[in-house]
Amino acid sequence: GVDALAVHGRTKDQRPNDPNNVHAIKAIVESTSLCIIANGGSSNNRNSPINTHQGILNFWRESGASSCMIARAAEWNCSVFRKEGELDNIQTVIDRYLEIAIYYDYPFVMVKYCVQQMLGSQQDSELGRLFLESSTMADLCAVFGAEHKYRQRQKELGMEDRPDHVYSVRSQSDSGRKKRKIGENEVTEMFCPFVRGHYPPDNCVQLPKSVLLKFTRQKEFDPPSYKVLQEDKRFRAVVEVNGEFYSSESWEKNKRYAEQAAALVATICLGLSDQIDTTSSATSKQQQSQQHQQQLQSQEVLPNNQLNLNSDLLSQEEDDNCQNGKSNFKHFKADIAQSTEATVVCDSV
């Protein structure tokens, strides 16, 4: 059965700037014994008092729900969950977030998305420009002076030699692959986003589709055949190579990238990834990032120990106010997704 229900205070036709209907959420809370999770409390204005620790508490209490779910406010400054109040120095938050991302080996595209949300208007600065140009996890970490920590952690994980374009693959075994039925075809899937910056800008021969096409010609197979799937403004593709089907689990921003991501999966599964040379694409970015490290070292930032994410962000007390006692939810759960970040905070915030 259903143990809990999340309710958003806006309909699917309403936009983020429309007011959140807290009273509708409260009416649902009063009409059921289920644990209700209130959603929609964040404001589209980053600096709104709604997007503060106190604002979250007010939203939760006004809704009467057993817990609340926060997205945008947490994306912009995840220290919003600190009982002492959120930190004003977003650089401190980014530094601590990168420590966690490095330790748990988060995929680059997810880390870049999260950091981009935190930077906000600072993306227009010199640091922001270097950040936006980053196309690998090493590039990104170098911008914030954390490349050494990243390299050291990769060495501990035994992945220091992992190429950028297969950064999401944890090993060359079948453990990173899974088969799924799509239509009438059994498709091999892997999580392999296509990042254009991983490949030389002036050398299309190194792109996954080009490598795959060359392979089929050498084997005298039919050319690769691509089928693109679209959901809203996101795209995925399935490529057929000699009767086998491959696809990336990542959603891409356009059809071309979706086809490249599918081709990337095929090249990895067919043992062709070593034919893709990405080293030259990162050289200039790494040099720029290294120059910028000196600037960062001269800036005064708060010490990382003032932001204890382990206690303030990564754990909350369990919910003891569920009316029927059936649920055993954690009050905080961070689920990093490729295009949507959702953070759940229950009544102990």
# chains A, B, ... in the order shown; residues from 1 in each chain; ligands from 1
$ closest_atom_pairs --of "range 70-106 of chain A" --to "range 7-19 of chain A" --cutoff "12 Å" --atoms "only C-alpha atoms" --output "JSON lines"
{"residue": "A:Ile70", "atom": "CA", "partner": "A:His8", "partner_atom": "CA", "distance": 10.7}
{"residue": "A:Ala71", "atom": "CA", "partner": "A:Pro16", "partner_atom": "CA", "distance": 11.6}
{"residue": "A:Arg72", "atom": "CA", "partner": "A:Pro16", "partner_atom": "CA", "distance": 10.1}
$ write_last_selection --atoms "N, CA and C atoms" --output "mmCIF file, in the first residue's frame"
data_model
loop_
_atom_site.group_PDB
_atom_site.id
_atom_site.type_symbol
_atom_site.label_atom_id
_atom_site.label_comp_id
_atom_site.auth_asym_id
_atom_site.auth_seq_id
_atom_site.Cartn_x
_atom_site.Cartn_y
_atom_site.Cartn_z
ATOM 1 N N ILE A 70 12.225 20.178 -0.499
ATOM 2 C CA ILE A 70 12.792 21.435 -0.987
ATOM 3 C C ILE A 70 13.714 21.147 -2.161
ATOM 4 N N ALA A 71 13.601 21.938 -3.228
ATOM 5 C CA ALA A 71 14.473 21.742 -4.388
ATOM 6 C C ALA A 71 15.334 22.975 -4.625
ATOM 7 N N ARG A 72 14.753 24.041 -5.187
ATOM 8 C CA ARG A 72 15.559 25.181 -5.622
ATOM 9 C C ARG A 72 16.347 25.835 -4.495
#
$ residues_around --residues "range 77-81 of chain A" --least-positions-apart "4" --cutoff "6 Å" --atoms "only C-alpha atoms" --output "list in words"
Thr52, His53, Glu86 and Met118 of chain A
$ write_last_selection --atoms "N, CA, C and O atoms" --output "PDB file, in the first residue's frame"
ATOM      1  N   THR A  52      15.059  30.446   2.954  1.00  0.00           N
ATOM      2  CA  THR A  52      15.954  30.413   4.110  1.00  0.00           C
ATOM      3  C   THR A  52      15.526  29.272   5.034  1.00  0.00           C
ATOM      4  O   THR A  52      14.463  28.664   4.847  1.00  0.00           O
ATOM      5  N   HIS A  53      16.359  28.990   6.028  1.00  0.00           N
ATOM      6  CA  HIS A  53      16.020  27.930   6.978  1.00  0.00           C
ATOM      7  C   HIS A  53      14.693  28.231   7.660  1.00  0.00           C
ATOM      8  O   HIS A  53      13.828  27.353   7.781  1.00  0.00           O
ATOM      9  N   GLU A  86      21.730  29.691   7.018  1.00  0.00           N
ATOM     10  CA  GLU A  86      22.563  29.366   5.869  1.00  0.00           C
ATOM     11  C   GLU A  86      23.806  30.251   5.834  1.00  0.00           C
ATOM     12  O   GLU A  86      23.821  31.355   6.368  1.00  0.00           O
ATOM     13  N   MET A 118      24.732  26.747  -7.467  1.00  0.00           N
ATOM     14  CA  MET A 118      25.251  27.494  -6.317  1.00  0.00           C
ATOM     15  C   MET A 118      25.908  28.809  -6.741  1.00  0.00           C
ATOM     16  O   MET A 118      25.772  29.822  -6.055  1.00  0.00           O
TER      17      MET A 118
END
$ residues_around --residues "Leu264 in chain A" --least-positions-apart "6" --cutoff "8 Å" --atoms "only C-alpha atoms" --output "MDAnalysis selection string"
chainID A and resid 192 194 208:209 248 273
$ write_last_selection --atoms "all heavy atoms" --output "compact mmCIF listing (two decimals), in the first residue's frame"
# COMPACT_ATOMS: atom_id res chain seq x y z
N CYS A 192 26.35 7.11 -19.70
CA CYS A 192 27.49 7.74 -20.38
C CYS A 192 27.06 9.04 -21.04
O CYS A 192 26.80 9.06 -22.25
CB CYS A 192 28.08 6.80 -21.42
SG CYS A 192 28.89 5.35 -20.75
N PHE A 194 27.28 12.49 -22.99
CA PHE A 194 28.22 13.00 -23.98
C PHE A 194 28.60 14.43 -23.60
O PHE A 194 27.74 15.31 -23.51
CB PHE A 194 27.59 12.98 -25.38
CG PHE A 194 28.47 13.62 -26.43
CD1 PHE A 194 29.61 12.97 -26.87
CD2 PHE A 194 28.16 14.86 -26.95
CE1 PHE A 194 30.43 13.56 -27.83
CE2 PHE A 194 28.96 15.45 -27.91
CZ PHE A 194 30.10 14.80 -28.35
N PRO A 208 32.57 9.77 -30.90
CA PRO A 208 32.09 8.38 -30.84
C PRO A 208 31.39 7.90 -32.11
O PRO A 208 31.60 6.76 -32.55
CB PRO A 208 31.12 8.39 -29.64
CG PRO A 208 31.64 9.49 -28.78
CD PRO A 208 32.16 10.54 -29.71
N LYS A 209 30.56 8.74 -32.72
CA LYS A 209 29.86 8.32 -33.93
C LYS A 209 30.84 8.03 -35.06
O LYS A 209 30.65 7.09 -35.84
CB LYS A 209 28.86 9.40 -34.38
CG LYS A 209 27.62 9.48 -33.50
CD LYS A 209 26.62 10.51 -34.03
CE LYS A 209 26.04 10.10 -35.37
NZ LYS A 209 25.00 11.04 -35.83
N SER A 248 22.55 5.20 -24.01
CA SER A 248 22.99 5.80 -22.76
C SER A 248 21.78 6.15 -21.90
O SER A 248 20.76 6.60 -22.42
CB SER A 248 23.81 7.06 -23.02
OG SER A 248 24.11 7.72 -21.79
N SER A 273 36.81 2.09 -27.12
CA SER A 273 37.00 3.38 -26.43
C SER A 273 38.46 3.81 -26.41
O SER A 273 38.75 5.00 -26.30
CB SER A 273 36.47 3.28 -25.00
OG SER A 273 37.12 2.26 -24.28
$ residues_around --residues "Val241 in chain A" --least-positions-apart "3" --cutoff "9 Å" --atoms "only C-alpha atoms" --output "PyMOL selection string"
chain A and resi 212+216+221-225+244-246+266
$ select_by_dssp --residues "range 171-263 of chain A" --states "strand (DSSP E or B)" --output "NGL selection string"
:A and (178-182 or 185-190 or 225-231 or 234-241 or 244-248 or 252)
$ select_by_dssp --residues "range 96-283 of chain A" --states "alpha helix (DSSP H)" --output "PyMOL selection string"
chain A and resi 96-103+108-119+126-133+137-143+147-156+208-219+255-269+279-283
$ atom_distance --atom1 "CA of Ile100 in chain A" --atom2 "CA of Leu57 in chain A"
26.0 Å
$ residues_around --residues "Arg151 in chain A" --least-positions-apart "2" --cutoff "12 Å" --atoms "only C-alpha atoms" --output "JSON, numbers by chain"
{"A": [102, 103, 105, 137, 138, 139, 141, 142, 145, 146, 147, 148, 149, 153, 154, 155, 156, 157, 158, 159, 160, 161, 162]}
$ atom_distance --atom1 "CA of Glu252 in chain A" --atom2 "CA of Gly197 in chain A"
14.4 Å
$ decode --residues "range 191-237 of chain A" --atoms "N, CA and C atoms" --output "compact mmCIF listing (two decimals), in the first residue's frame"
# COMPACT_ATOMS: atom_id res chain seq x y z
N PHE A 191 25.32 4.45 -18.19
CA PHE A 191 25.19 5.90 -17.95
C PHE A 191 26.44 6.58 -18.50
N CYS A 192 26.35 7.11 -19.70
CA CYS A 192 27.49 7.74 -20.38
C CYS A 192 27.06 9.04 -21.04
N PRO A 193 26.96 10.12 -20.30
CA PRO A 193 26.63 11.41 -20.92
C PRO A 193 27.69 11.81 -21.94
N PHE A 194 27.28 12.49 -22.99
CA PHE A 194 28.22 13.00 -23.98
C PHE A 194 28.60 14.43 -23.60
N VAL A 195 29.88 14.65 -23.35
CA VAL A 195 30.40 15.98 -23.01
C VAL A 195 31.30 16.42 -24.16
N ARG A 196 30.87 17.40 -24.92
CA ARG A 196 31.60 17.79 -26.13
C ARG A 196 33.03 18.21 -25.81
N GLY A 197 33.25 18.81 -24.66
CA GLY A 197 34.57 19.28 -24.30
C GLY A 197 35.58 18.17 -24.05
N HIS A 198 35.12 16.91 -24.01
CA HIS A 198 36.03 15.79 -23.85
C HIS A 198 36.79 15.46 -25.13
N TYR A 199 36.37 16.06 -26.23
CA TYR A 199 36.93 15.70 -27.52
C TYR A 199 37.54 16.93 -28.19
N PRO A 200 38.60 16.75 -28.97
CA PRO A 200 39.24 17.88 -29.65
C PRO A 200 38.23 18.65 -30.49
N PRO A 201 38.20 19.99 -30.38
CA PRO A 201 37.20 20.79 -31.10
C PRO A 201 37.36 20.76 -32.61
N ASP A 202 38.57 20.48 -33.08
CA ASP A 202 38.83 20.53 -34.51
C ASP A 202 39.08 19.14 -35.10
N ASN A 203 38.60 18.10 -34.42
CA ASN A 203 38.88 16.74 -34.88
C ASN A 203 37.65 15.87 -34.69
N CYS A 204 36.76 15.89 -35.69
CA CYS A 204 35.54 15.11 -35.59
C CYS A 204 35.78 13.62 -35.72
N VAL A 205 36.96 13.24 -36.18
CA VAL A 205 37.27 11.82 -36.34
C VAL A 205 37.27 11.10 -35.01
N GLN A 206 37.53 11.83 -33.91
CA GLN A 206 37.60 11.22 -32.60
C GLN A 206 36.24 11.11 -31.90
N LEU A 207 35.20 11.67 -32.48
CA LEU A 207 33.88 11.60 -31.87
C LEU A 207 33.36 10.16 -31.90
N PRO A 208 32.57 9.77 -30.90
CA PRO A 208 32.09 8.38 -30.84
C PRO A 208 31.39 7.90 -32.11
N LYS A 209 30.56 8.74 -32.72
CA LYS A 209 29.86 8.32 -33.93
C LYS A 209 30.84 8.03 -35.06
N SER A 210 31.90 8.84 -35.15
CA SER A 210 32.89 8.63 -36.20
C SER A 210 33.66 7.33 -35.98
N VAL A 211 34.04 7.08 -34.72
CA VAL A 211 34.76 5.86 -34.40
C VAL A 211 33.89 4.64 -34.69
N LEU A 212 32.62 4.73 -34.35
CA LEU A 212 31.70 3.61 -34.57
C LEU A 212 31.48 3.37 -36.06
N LEU A 213 31.34 4.44 -36.82
CA LEU A 213 31.15 4.31 -38.27
C LEU A 213 32.38 3.66 -38.91
N LYS A 214 33.56 4.08 -38.50
CA LYS A 214 34.80 3.49 -39.02
C LYS A 214 34.85 2.00 -38.71
N PHE A 215 34.43 1.64 -37.50
CA PHE A 215 34.44 0.24 -37.09
C PHE A 215 33.52 -0.60 -37.98
N THR A 216 32.32 -0.11 -38.25
CA THR A 216 31.36 -0.87 -39.07
C THR A 216 31.87 -1.01 -40.51
N ARG A 217 32.55 -0.01 -41.00
CA ARG A 217 33.10 -0.10 -42.36
C ARG A 217 34.22 -1.14 -42.42
N GLN A 218 35.05 -1.14 -41.40
CA GLN A 218 36.15 -2.12 -41.37
C GLN A 218 35.62 -3.54 -41.29
N LYS A 219 34.53 -3.73 -40.56
CA LYS A 219 33.94 -5.06 -40.39
C LYS A 219 32.96 -5.41 -41.52
N GLU A 220 32.73 -4.43 -42.42
CA GLU A 220 31.78 -4.58 -43.52
C GLU A 220 30.36 -4.84 -43.01
N PHE A 221 30.03 -4.17 -41.89
CA PHE A 221 28.66 -4.19 -41.36
C PHE A 221 27.87 -3.07 -42.03
N ASP A 222 26.54 -3.12 -41.86
CA ASP A 222 25.72 -1.98 -42.25
C ASP A 222 26.09 -0.78 -41.37
N PRO A 223 25.95 0.44 -41.86
CA PRO A 223 26.25 1.62 -41.03
C PRO A 223 25.39 1.63 -39.77
N PRO A 224 25.87 2.23 -38.68
CA PRO A 224 25.06 2.33 -37.46
C PRO A 224 23.74 3.04 -37.74
N SER A 225 22.68 2.54 -37.12
CA SER A 225 21.35 3.12 -37.31
C SER A 225 20.87 3.69 -35.99
N TYR A 226 20.44 4.95 -36.00
CA TYR A 226 20.07 5.65 -34.77
C TYR A 226 18.57 5.94 -34.73
N LYS A 227 17.99 5.73 -33.56
CA LYS A 227 16.60 6.11 -33.31
C LYS A 227 16.58 7.00 -32.08
N VAL A 228 16.04 8.21 -32.22
CA VAL A 228 16.04 9.19 -31.14
C VAL A 228 14.70 9.19 -30.42
N LEU A 229 14.77 9.15 -29.08
CA LEU A 229 13.59 9.22 -28.23
C LEU A 229 13.54 10.60 -27.59
N GLN A 230 12.38 11.22 -27.53
CA GLN A 230 12.26 12.56 -26.96
C GLN A 230 11.23 12.57 -25.84
N GLU A 231 11.58 13.25 -24.74
CA GLU A 231 10.66 13.47 -23.63
C GLU A 231 10.77 14.93 -23.23
N ASP A 232 9.72 15.69 -23.46
CA ASP A 232 9.76 17.14 -23.29
C ASP A 232 10.90 17.70 -24.14
N LYS A 233 11.88 18.35 -23.52
CA LYS A 233 13.01 18.90 -24.28
C LYS A 233 14.28 18.11 -24.05
N ARG A 234 14.14 16.85 -23.67
CA ARG A 234 15.28 15.98 -23.43
C ARG A 234 15.29 14.87 -24.48
N PHE A 235 16.49 14.37 -24.77
CA PHE A 235 16.62 13.38 -25.84
C PHE A 235 17.52 12.22 -25.41
N ARG A 236 17.15 11.03 -25.87
CA ARG A 236 17.99 9.85 -25.76
C ARG A 236 17.96 9.16 -27.11
N ALA A 237 18.97 8.33 -27.37
CA ALA A 237 19.02 7.63 -28.65
C ALA A 237 19.38 6.17 -28.44
